$ cat coords-v2.csv   # CSV, N, CA and C atoms
chain,number,residue,atom,x,y,z
A,1,MET,N,-16.2,49.9,-25.9
A,1,MET,CA,-17.6,50.5,-25.6
A,1,MET,C,-18.6,49.5,-26.0
A,2,SER,N,-19.6,49.4,-25.2
A,2,SER,CA,-20.6,48.3,-25.3
A,2,SER,C,-21.8,48.7,-26.3
A,3,ALA,N,-22.2,50.0,-26.2
A,3,ALA,CA,-23.4,50.4,-27.0
A,3,ALA,C,-22.9,51.2,-28.2
A,4,LYS,N,-23.7,51.0,-29.3
A,4,LYS,CA,-23.4,51.8,-30.5
A,4,LYS,C,-23.9,53.2,-30.3
A,5,GLU,N,-23.0,54.2,-30.7
A,5,GLU,CA,-23.4,55.6,-30.6
A,5,GLU,C,-24.3,55.9,-31.7
A,6,ARG,N,-25.2,56.8,-31.4
A,6,ARG,CA,-26.2,57.3,-32.4
A,6,ARG,C,-26.0,58.8,-32.6
A,7,VAL,N,-25.3,59.2,-33.7
A,7,VAL,CA,-24.9,60.6,-33.9
A,7,VAL,C,-25.9,61.2,-34.9
A,8,VAL,N,-26.4,62.4,-34.5
A,8,VAL,CA,-27.4,63.1,-35.4
A,8,VAL,C,-26.9,64.5,-35.6
A,9,PHE,N,-26.6,64.9,-36.9
A,9,PHE,CA,-26.2,66.3,-37.2
A,9,PHE,C,-27.5,67.0,-37.7
A,10,LEU,N,-28.0,68.0,-36.9
A,10,LEU,CA,-29.2,68.6,-37.2
A,10,LEU,C,-29.2,69.5,-38.4
A,11,ASP,N,-28.1,70.2,-38.7
A,11,ASP,CA,-28.1,71.1,-39.8
A,11,ASP,C,-26.8,71.1,-40.6
A,12,ARG,N,-26.5,70.0,-41.2
A,12,ARG,CA,-25.3,69.7,-41.9
A,12,ARG,C,-25.0,70.7,-43.0
A,13,ALA,N,-26.0,71.2,-43.7
A,13,ALA,CA,-25.8,72.2,-44.8
A,13,ALA,C,-25.2,73.5,-44.4
A,14,ALA,N,-25.4,73.8,-43.1
A,14,ALA,CA,-24.8,75.1,-42.6
A,14,ALA,C,-23.3,74.9,-42.2
A,15,PHE,N,-22.8,73.7,-42.1
A,15,PHE,CA,-21.4,73.5,-41.8
A,15,PHE,C,-20.6,73.4,-43.0
A,16,THR,N,-19.3,73.3,-42.8
A,16,THR,CA,-18.3,73.3,-43.9
A,16,THR,C,-18.7,72.2,-45.0
A,17,ALA,N,-18.4,72.5,-46.2
A,17,ALA,CA,-18.6,71.6,-47.3
A,17,ALA,C,-17.6,70.4,-47.4
A,18,ASP,N,-16.6,70.5,-46.5
A,18,ASP,CA,-15.7,69.4,-46.4
A,18,ASP,C,-16.4,68.0,-46.2
A,19,GLU,N,-15.7,67.0,-46.7
A,19,GLU,CA,-16.2,65.7,-46.5
A,19,GLU,C,-15.9,65.4,-45.0
A,20,LEU,N,-16.8,64.7,-44.4
A,20,LEU,CA,-16.6,64.2,-43.0
A,20,LEU,C,-16.0,62.8,-43.0
A,21,PRO,N,-14.9,62.6,-42.4
A,21,PRO,CA,-14.3,61.3,-42.3
A,21,PRO,C,-15.3,60.4,-41.5
A,22,ILE,N,-15.2,59.1,-41.6
A,22,ILE,CA,-16.0,58.2,-40.8
A,22,ILE,C,-15.4,58.1,-39.4
A,23,PRO,N,-16.1,58.4,-38.4
A,23,PRO,CA,-15.6,58.3,-37.0
A,23,PRO,C,-15.1,56.9,-36.7
A,24,ASN,N,-14.1,56.8,-35.9
A,24,ASN,CA,-13.5,55.6,-35.5
A,24,ASN,C,-14.1,55.0,-34.2
A,25,PHE,N,-15.4,54.9,-34.2
A,25,PHE,CA,-16.1,54.2,-33.1
A,25,PHE,C,-17.4,53.7,-33.7
A,26,GLU,N,-17.9,52.7,-33.1
A,26,GLU,CA,-19.1,52.0,-33.6
A,26,GLU,C,-20.3,53.0,-33.4
A,27,HIS,N,-21.0,53.3,-34.6
A,27,HIS,CA,-22.0,54.3,-34.5
A,27,HIS,C,-23.0,54.2,-35.7
A,28,ASN,N,-24.1,54.8,-35.5
A,28,ASN,CA,-25.1,55.1,-36.6
A,28,ASN,C,-25.0,56.6,-36.8
A,29,TRP,N,-25.0,57.1,-38.0
A,29,TRP,CA,-24.9,58.5,-38.3
A,29,TRP,C,-26.1,58.9,-39.1
A,30,SER,N,-26.8,60.0,-38.7
A,30,SER,CA,-27.8,60.6,-39.5
A,30,SER,C,-27.5,62.1,-39.6
A,31,GLU,N,-27.8,62.6,-40.8
A,31,GLU,CA,-27.6,64.1,-40.9
A,31,GLU,C,-28.7,64.6,-41.8
A,32,TYR,N,-29.1,65.9,-41.5
A,32,TYR,CA,-30.1,66.6,-42.1
A,32,TYR,C,-29.6,67.9,-42.6
A,33,PRO,N,-30.0,68.4,-43.8
A,33,PRO,CA,-29.5,69.6,-44.3
A,33,PRO,C,-29.9,70.8,-43.4
A,34,ASP,N,-31.1,70.7,-42.8
A,34,ASP,CA,-31.5,71.7,-41.8
A,34,ASP,C,-32.6,71.1,-41.0
A,35,THR,N,-33.0,71.7,-39.8
A,35,THR,CA,-34.0,71.1,-38.9
A,35,THR,C,-34.8,72.2,-38.4
A,36,GLU,N,-36.1,72.1,-38.5
A,36,GLU,CA,-37.1,73.0,-38.0
A,36,GLU,C,-37.2,72.7,-36.5
A,37,ALA,N,-37.7,73.7,-35.7
A,37,ALA,CA,-37.8,73.6,-34.2
A,37,ALA,C,-38.7,72.4,-33.9
A,38,ALA,N,-39.8,72.1,-34.6
A,38,ALA,CA,-40.7,71.0,-34.3
A,38,ALA,C,-40.1,69.7,-34.6
A,39,ASP,N,-39.0,69.6,-35.3
A,39,ASP,CA,-38.3,68.3,-35.7
A,39,ASP,C,-37.2,68.0,-34.8
A,40,ILE,N,-36.8,68.9,-33.9
A,40,ILE,CA,-35.6,68.6,-33.0
A,40,ILE,C,-35.7,67.4,-32.2
A,41,VAL,N,-36.8,67.3,-31.4
A,41,VAL,CA,-37.0,66.2,-30.5
A,41,VAL,C,-37.2,64.9,-31.3
A,42,PRO,N,-38.0,64.8,-32.3
A,42,PRO,CA,-38.1,63.5,-33.0
A,42,PRO,C,-36.8,63.1,-33.7
A,43,ARG,N,-36.0,64.0,-34.2
A,43,ARG,CA,-34.7,63.6,-34.8
A,43,ARG,C,-33.7,63.2,-33.8
A,44,LEU,N,-33.7,63.8,-32.6
A,44,LEU,CA,-32.7,63.5,-31.6
A,44,LEU,C,-33.2,62.5,-30.5
A,45,PHE,N,-34.4,62.0,-30.6
A,45,PHE,CA,-35.0,61.1,-29.6
A,45,PHE,C,-34.1,59.9,-29.2
A,46,TRP,N,-33.5,59.3,-30.2
A,46,TRP,CA,-32.7,58.1,-29.9
A,46,TRP,C,-31.2,58.4,-29.9
A,47,ALA,N,-30.9,59.7,-30.2
A,47,ALA,CA,-29.5,60.1,-30.3
A,47,ALA,C,-28.7,60.1,-29.0
A,48,THR,N,-27.4,59.7,-29.1
A,48,THR,CA,-26.5,59.8,-27.9
A,48,THR,C,-25.7,61.1,-28.1
A,49,THR,N,-25.5,61.5,-29.3
A,49,THR,CA,-24.7,62.7,-29.7
A,49,THR,C,-25.5,63.5,-30.6
A,50,ALA,N,-25.6,64.8,-30.3
A,50,ALA,CA,-26.2,65.8,-31.3
A,50,ALA,C,-25.1,66.7,-31.7
A,51,ILE,N,-25.2,67.1,-33.0
A,51,ILE,CA,-24.3,68.1,-33.6
A,51,ILE,C,-25.2,69.2,-34.1
A,52,THR,N,-25.0,70.4,-33.8
A,52,THR,CA,-25.8,71.5,-34.3
A,52,THR,C,-24.8,72.6,-34.7
A,53,HIS,N,-25.2,73.3,-35.8
A,53,HIS,CA,-24.4,74.5,-36.2
A,53,HIS,C,-25.2,75.7,-35.8
A,54,ALA,N,-26.4,75.8,-36.3
A,54,ALA,CA,-27.2,77.0,-36.0
A,54,ALA,C,-28.6,76.7,-35.4
A,55,CYS,N,-28.9,75.4,-35.3
A,55,CYS,CA,-30.2,75.0,-34.7
A,55,CYS,C,-30.2,75.0,-33.2
A,56,PRO,N,-31.0,75.9,-32.6
A,56,PRO,CA,-31.0,76.0,-31.1
A,56,PRO,C,-31.6,74.8,-30.4
A,57,ILE,N,-31.1,74.4,-29.3
A,57,ILE,CA,-31.7,73.3,-28.5
A,57,ILE,C,-31.9,73.9,-27.1
A,58,ASP,N,-33.2,74.0,-26.8
A,58,ASP,CA,-33.6,74.6,-25.5
A,58,ASP,C,-33.9,73.5,-24.4
A,59,ALA,N,-34.1,74.0,-23.2
A,59,ALA,CA,-34.3,73.2,-22.0
A,59,ALA,C,-35.5,72.2,-22.2
A,60,GLU,N,-36.6,72.6,-22.9
A,60,GLU,CA,-37.7,71.8,-23.1
A,60,GLU,C,-37.3,70.6,-23.9
A,61,ALA,N,-36.6,70.8,-25.0
A,61,ALA,CA,-36.1,69.7,-25.9
A,61,ALA,C,-35.2,68.8,-25.1
A,62,ILE,N,-34.2,69.4,-24.4
A,62,ILE,CA,-33.2,68.6,-23.7
A,62,ILE,C,-33.9,67.7,-22.6
A,63,GLY,N,-35.0,68.2,-22.0
A,63,GLY,CA,-35.7,67.4,-21.0
A,63,GLY,C,-36.4,66.2,-21.6
A,64,GLN,N,-36.6,66.1,-22.9
A,64,GLN,CA,-37.2,65.0,-23.6
A,64,GLN,C,-36.2,64.0,-24.2
A,65,LEU,N,-34.9,64.3,-24.2
A,65,LEU,CA,-33.9,63.5,-24.9
A,65,LEU,C,-33.1,62.7,-23.9
A,66,HIS,N,-33.7,61.6,-23.5
A,66,HIS,CA,-33.1,60.8,-22.4
A,66,HIS,C,-31.9,60.0,-22.7
A,67,LYS,N,-31.6,59.8,-24.0
A,67,LYS,CA,-30.4,59.1,-24.4
A,67,LYS,C,-29.2,60.0,-24.7
A,68,LEU,N,-29.5,61.3,-24.8
A,68,LEU,CA,-28.5,62.2,-25.2
A,68,LEU,C,-27.4,62.4,-24.1
A,69,THR,N,-26.1,62.2,-24.5
A,69,THR,CA,-25.0,62.3,-23.6
A,69,THR,C,-24.1,63.5,-23.9
A,70,ARG,N,-24.1,63.9,-25.2
A,70,ARG,CA,-23.2,65.0,-25.6
A,70,ARG,C,-23.8,65.8,-26.7
A,71,ILE,N,-23.5,67.1,-26.7
A,71,ILE,CA,-23.8,68.0,-27.8
A,71,ILE,C,-22.6,68.7,-28.3
A,72,VAL,N,-22.4,68.7,-29.6
A,72,VAL,CA,-21.3,69.5,-30.2
A,72,VAL,C,-21.9,70.6,-31.0
A,73,VAL,N,-21.4,71.8,-30.7
A,73,VAL,CA,-21.9,73.0,-31.4
A,73,VAL,C,-20.8,73.5,-32.3
A,74,THR,N,-21.1,73.5,-33.6
A,74,THR,CA,-20.1,73.9,-34.6
A,74,THR,C,-20.2,75.3,-35.1
A,75,GLY,N,-21.2,76.0,-34.6
A,75,GLY,CA,-21.4,77.4,-35.0
A,75,GLY,C,-22.1,78.2,-34.0
A,76,PRO,N,-23.1,79.1,-34.4
A,76,PRO,CA,-23.7,80.1,-33.5
A,76,PRO,C,-24.9,79.5,-32.7
A,77,ALA,N,-25.2,78.2,-32.8
A,77,ALA,CA,-26.4,77.7,-32.2
A,77,ALA,C,-26.4,78.0,-30.7
A,78,ARG,N,-27.6,78.3,-30.2
A,78,ARG,CA,-27.7,78.4,-28.7
A,78,ARG,C,-28.3,77.1,-28.1
A,79,VAL,N,-27.6,76.7,-27.1
A,79,VAL,CA,-28.0,75.5,-26.4
A,79,VAL,C,-28.1,75.8,-24.9
A,80,ASP,N,-29.1,75.4,-24.3
A,80,ASP,CA,-29.4,75.7,-22.9
A,80,ASP,C,-28.3,74.9,-22.0
A,81,THR,N,-27.3,75.7,-21.6
A,81,THR,CA,-26.2,75.1,-20.8
A,81,THR,C,-26.6,74.6,-19.5
A,82,GLU,N,-27.5,75.3,-18.8
A,82,GLU,CA,-28.0,74.9,-17.5
A,82,GLU,C,-28.8,73.6,-17.6
A,83,ALA,N,-29.6,73.4,-18.6
A,83,ALA,CA,-30.3,72.1,-18.8
A,83,ALA,C,-29.3,71.0,-19.1
A,84,CYS,N,-28.3,71.3,-19.8
A,84,CYS,CA,-27.3,70.3,-20.1
A,84,CYS,C,-26.6,69.9,-18.8
A,85,GLU,N,-26.2,70.8,-18.0
A,85,GLU,CA,-25.5,70.6,-16.7
A,85,GLU,C,-26.4,69.7,-15.8
A,86,MET,N,-27.7,70.1,-15.7
A,86,MET,CA,-28.6,69.3,-14.9
A,86,MET,C,-28.8,67.9,-15.3
A,87,ARG,N,-28.7,67.6,-16.6
A,87,ARG,CA,-28.9,66.3,-17.1
A,87,ARG,C,-27.5,65.5,-17.3
A,88,GLY,N,-26.4,66.2,-17.1
A,88,GLY,CA,-25.1,65.6,-17.2
A,88,GLY,C,-24.7,65.4,-18.7
A,89,ILE,N,-25.2,66.3,-19.5
A,89,ILE,CA,-24.9,66.2,-21.0
A,89,ILE,C,-23.6,67.1,-21.2
A,90,ALA,N,-22.6,66.5,-21.8
A,90,ALA,CA,-21.4,67.2,-22.2
A,90,ALA,C,-21.7,68.1,-23.3
A,91,LEU,N,-21.4,69.4,-23.2
A,91,LEU,CA,-21.6,70.4,-24.2
A,91,LEU,C,-20.2,70.9,-24.6
A,92,GLN,N,-19.9,70.8,-25.9
A,92,GLN,CA,-18.6,71.1,-26.4
A,92,GLN,C,-18.7,71.9,-27.7
A,93,PRO,N,-18.1,73.1,-27.7
A,93,PRO,CA,-18.1,73.9,-28.9
A,93,PRO,C,-16.9,73.5,-29.8
A,94,LEU,N,-17.1,73.5,-31.1
A,94,LEU,CA,-16.0,73.3,-32.0
A,94,LEU,C,-15.5,74.7,-32.4
A,95,THR,N,-14.3,75.1,-32.1
A,95,THR,CA,-13.9,76.5,-32.3
A,95,THR,C,-13.9,76.8,-33.8
A,96,ALA,N,-14.2,78.0,-34.1
A,96,ALA,CA,-14.3,78.5,-35.5
A,96,ALA,C,-13.0,78.2,-36.3
A,97,SER,N,-11.8,78.3,-35.6
A,97,SER,CA,-10.6,78.0,-36.3
A,97,SER,C,-10.4,76.6,-36.6
A,98,ASP,N,-11.1,75.7,-36.0
A,98,ASP,CA,-11.1,74.2,-36.2
A,98,ASP,C,-12.4,73.8,-36.9
A,99,GLY,N,-13.0,74.6,-37.7
A,99,GLY,CA,-14.3,74.3,-38.2
A,99,GLY,C,-14.3,73.3,-39.4
A,100,SER,N,-13.3,72.4,-39.5
A,100,SER,CA,-13.3,71.4,-40.6
A,100,SER,C,-14.0,70.1,-40.2
A,101,GLY,N,-14.3,69.4,-41.2
A,101,GLY,CA,-14.9,68.1,-40.9
A,101,GLY,C,-14.0,67.2,-40.1
A,102,ARG,N,-12.7,67.2,-40.5
A,102,ARG,CA,-11.8,66.3,-39.8
A,102,ARG,C,-11.7,66.7,-38.3
A,103,ALA,N,-11.7,68.0,-38.0
A,103,ALA,CA,-11.6,68.5,-36.6
A,103,ALA,C,-12.9,68.1,-35.8
A,104,LEU,N,-14.1,68.1,-36.5
A,104,LEU,CA,-15.3,67.7,-35.9
A,104,LEU,C,-15.2,66.2,-35.5
A,105,VAL,N,-14.8,65.4,-36.4
A,105,VAL,CA,-14.8,64.0,-36.1
A,105,VAL,C,-13.7,63.7,-35.1
A,106,SER,N,-12.6,64.3,-35.1
A,106,SER,CA,-11.6,64.1,-34.0
A,106,SER,C,-12.1,64.5,-32.7
A,107,LEU,N,-12.9,65.6,-32.6
A,107,LEU,CA,-13.5,66.0,-31.3
A,107,LEU,C,-14.5,64.9,-30.9
A,108,LEU,N,-15.3,64.4,-31.8
A,108,LEU,CA,-16.3,63.4,-31.4
A,108,LEU,C,-15.6,62.1,-30.9
A,109,GLU,N,-14.5,61.7,-31.6
A,109,GLU,CA,-13.8,60.5,-31.2
A,109,GLU,C,-13.2,60.7,-29.8
A,110,ALA,N,-12.7,61.9,-29.5
A,110,ALA,CA,-12.1,62.2,-28.2
A,110,ALA,C,-13.2,62.1,-27.1
A,111,MET,N,-14.3,62.7,-27.4
A,111,MET,CA,-15.4,62.7,-26.4
A,111,MET,C,-16.0,61.3,-26.1
A,112,VAL,N,-16.1,60.5,-27.2
A,112,VAL,CA,-16.6,59.1,-27.0
A,112,VAL,C,-15.6,58.3,-26.2
A,113,GLU,N,-14.3,58.5,-26.6
A,113,GLU,CA,-13.2,57.7,-25.9
A,113,GLU,C,-13.2,58.1,-24.4
A,114,ALA,N,-13.3,59.4,-24.1
A,114,ALA,CA,-13.3,59.8,-22.7
A,114,ALA,C,-14.4,59.3,-21.9
A,115,ALA,N,-15.6,59.2,-22.5
A,115,ALA,CA,-16.8,58.7,-21.9
A,115,ALA,C,-16.6,57.2,-21.7
A,116,SER,N,-16.1,56.5,-22.7
A,116,SER,CA,-15.8,55.1,-22.6
A,116,SER,C,-14.8,54.8,-21.5
A,117,SER,N,-13.8,55.5,-21.4
A,117,SER,CA,-12.7,55.3,-20.4
A,117,SER,C,-13.3,55.5,-19.0
A,118,SER,N,-14.1,56.6,-18.8
A,118,SER,CA,-14.6,56.9,-17.5
A,118,SER,C,-15.7,55.8,-17.1
A,119,ALA,N,-16.4,55.2,-18.0
A,119,ALA,CA,-17.4,54.2,-17.7
A,119,ALA,C,-16.7,52.9,-17.3
A,120,GLN,N,-15.5,52.7,-17.8
A,120,GLN,CA,-14.8,51.4,-17.5
A,120,GLN,C,-14.0,51.5,-16.2
A,121,SER,N,-13.9,52.8,-15.6
A,121,SER,CA,-13.2,53.0,-14.4
A,121,SER,C,-14.0,52.6,-13.2
$ encode --input "coords-v2.csv" --output "structure tokens"
Amino acid sequence: MSAKERVVFLDRAAFTADELPIPNFEHNWSEYPDTEAADIVPRLFWATTAITHACPIDAEAIGQLHKLTRIVVTGPARVDTEACEMRGIALQPLTASDGSGRALVSLLEAMVEAASSSAQS
């Protein structure tokens, strides 16, 4: 992969208390205990990957996030699926049964690898 991924977890405090393993791809990682609606776009502006547990991401926000390529939902957060489809943003839920930090990082690694493989084809 040529570019470094920029991963932003909007509401880490709402997710499991498990330690998150370090993802096995080149990245910058930012996490916030929680995020208010007014802070979503500024926090995700340079992000390639957003992780949200309960923080909603609407079409207006998605329309301003030009680098965003994927969103992982770890809980009940509402994300505008139509806006994601229109922008080509991969939207992936993390199932409740796999709600561990290790499962989250494994999912991220698989998504980044898939995107990298398709970009090389």
$ residues_around --input "coords-v2.csv" --residues "region 88-97 of chain A" --least-positions-apart "4" --cutoff "6.5 Å" --atoms "only N, CA and C atoms" --output "ChimeraX atom specification"
/A:68-75,83-84
$ atom_distance --input "coords-v2.csv" --atom1 "CA of Pro56 (chain A)" --atom2 "CA of Asp11 (chain A)"
10.4 Å
$ residues_near_point --input "coords-v2.csv" --point "(-24.7, 63.8, -33.8)" --cutoff "5 Å" --atoms "only N, CA and C atoms" --output "ChimeraX atom specification"
/A:7-9,49-51
$ closest_residue --input "coords-v2.csv" --among "A:Ile62, A:His27, A:Pro76, A:Met86" --to "Ala3 (chain A)" --atoms "only C-alpha atoms"
A:His27
$ select_by_dssp --input "coords-v2.csv" --residues "region 6-113 of chain A" --states "strand (DSSP E)" --output "ChimeraX atom specification"
/A:6-9,27-31,49-52,70-73,90-93
$ select_by_dssp --input "coords-v2.csv" --residues "region 6-67 of chain A" --states "helix (DSSP H, G or I)" --output "list of chain:residue names"
A:Arg12, A:Ala13, A:Ala14, A:Ala37, A:Ala38, A:Asp39, A:Ile40, A:Val41, A:Pro42, A:Arg43, A:Leu44, A:Ala59, A:Glu60, A:Ala61, A:Ile62, A:Gly63, A:Gln64
$ residues_around --input "coords-v2.csv" --residues "region 105-108 of chain A" --least-positions-apart "4" --cutoff "8 Å" --atoms "only N, CA and C atoms" --output "PDB file with N, CA and C atoms, in the frame of the given file"
ATOM      1  N   LEU A  20     -16.800  64.700 -44.400  1.00  0.00           N
ATOM      2  CA  LEU A  20     -16.600  64.200 -43.000  1.00  0.00           C
ATOM      3  C   LEU A  20     -16.000  62.800 -43.000  1.00  0.00           C
ATOM      4  N   PRO A  21     -14.900  62.600 -42.400  1.00  0.00           N
ATOM      5  CA  PRO A  21     -14.300  61.300 -42.300  1.00  0.00           C
ATOM      6  C   PRO A  21     -15.300  60.400 -41.500  1.00  0.00           C
ATOM      7  N   ILE A  22     -15.200  59.100 -41.600  1.00  0.00           N
ATOM      8  CA  ILE A  22     -16.000  58.200 -40.800  1.00  0.00           C
ATOM      9  C   ILE A  22     -15.400  58.100 -39.400  1.00  0.00           C
ATOM     10  N   PRO A  23     -16.100  58.400 -38.400  1.00  0.00           N
ATOM     11  CA  PRO A  23     -15.600  58.300 -37.000  1.00  0.00           C
ATOM     12  C   PRO A  23     -15.100  56.900 -36.700  1.00  0.00           C
ATOM     13  N   ASN A  24     -14.100  56.800 -35.900  1.00  0.00           N
ATOM     14  CA  ASN A  24     -13.500  55.600 -35.500  1.00  0.00           C
ATOM     15  C   ASN A  24     -14.100  55.000 -34.200  1.00  0.00           C
ATOM     16  N   PHE A  25     -15.400  54.900 -34.200  1.00  0.00           N
ATOM     17  CA  PHE A  25     -16.100  54.200 -33.100  1.00  0.00           C
ATOM     18  C   PHE A  25     -17.400  53.700 -33.700  1.00  0.00           C
ATOM     19  N   VAL A  72     -22.400  68.700 -29.600  1.00  0.00           N
ATOM     20  CA  VAL A  72     -21.300  69.500 -30.200  1.00  0.00           C
ATOM     21  C   VAL A  72     -21.900  70.600 -31.000  1.00  0.00           C
ATOM     22  N   LEU A  94     -17.100  73.500 -31.100  1.00  0.00           N
ATOM     23  CA  LEU A  94     -16.000  73.300 -32.000  1.00  0.00           C
ATOM     24  C   LEU A  94     -15.500  74.700 -32.400  1.00  0.00           C
ATOM     25  N   SER A 100     -13.300  72.400 -39.500  1.00  0.00           N
ATOM     26  CA  SER A 100     -13.300  71.400 -40.600  1.00  0.00           C
ATOM     27  C   SER A 100     -14.000  70.100 -40.200  1.00  0.00           C
ATOM     28  N   GLY A 101     -14.300  69.400 -41.200  1.00  0.00           N
ATOM     29  CA  GLY A 101     -14.900  68.100 -40.900  1.00  0.00           C
ATOM     30  C   GLY A 101     -14.000  67.200 -40.100  1.00  0.00           C
ATOM     31  N   VAL A 112     -16.100  60.500 -27.200  1.00  0.00           N
ATOM     32  CA  VAL A 112     -16.600  59.100 -27.000  1.00  0.00           C
ATOM     33  C   VAL A 112     -15.600  58.300 -26.200  1.00  0.00           C
ATOM     34  N   GLU A 113     -14.300  58.500 -26.600  1.00  0.00           N
ATOM     35  CA  GLU A 113     -13.200  57.700 -25.900  1.00  0.00           C
ATOM     36  C   GLU A 113     -13.200  58.100 -24.400  1.00  0.00           C
ATOM     37  N   ALA A 114     -13.300  59.400 -24.100  1.00  0.00           N
ATOM     38  CA  ALA A 114     -13.300  59.800 -22.700  1.00  0.00           C
ATOM     39  C   ALA A 114     -14.400  59.300 -21.900  1.00  0.00           C
TER      40      ALA A 114
END
$ residues_around --input "coords-v2.csv" --residues "Phe45 (chain A)" --least-positions-apart "2" --cutoff "7 Å" --atoms "all atoms listed in the file" --output "PyMOL selection string"
chain A and resi 40-43+47-48+64-68
$ closest_residue --input "coords-v2.csv" --among "A:Glu26, A:Glu19, A:Ser116, A:Arg12" --to "Thr52 (chain A)" --atoms "all atoms listed in the file"
A:Arg12
$ closest_residue --input "coords-v2.csv" --among "A:Ala17, A:Leu44, A:Ala59, A:Ala115" --to "Glu85 (chain A)" --atoms "only C-alpha atoms"
A:Ala59
$ atom_distance --input "coords-v2.csv" --atom1 "atom N of Arg78 (chain A)" --atom2 "atom C of His53 (chain A)"
6.6 Å
$ closest_residue --input "coords-v2.csv" --among "A:Ala77, A:Trp29, A:Met111, A:Gly63" --to "Arg6 (chain A)" --atoms "only N, CA and C atoms"
A:Trp29
$ atom_distance --input "coords-v2.csv" --atom1 "CA of Asp18 (chain A)" --atom2 "CA of Ser117 (chain A)"
29.7 Å
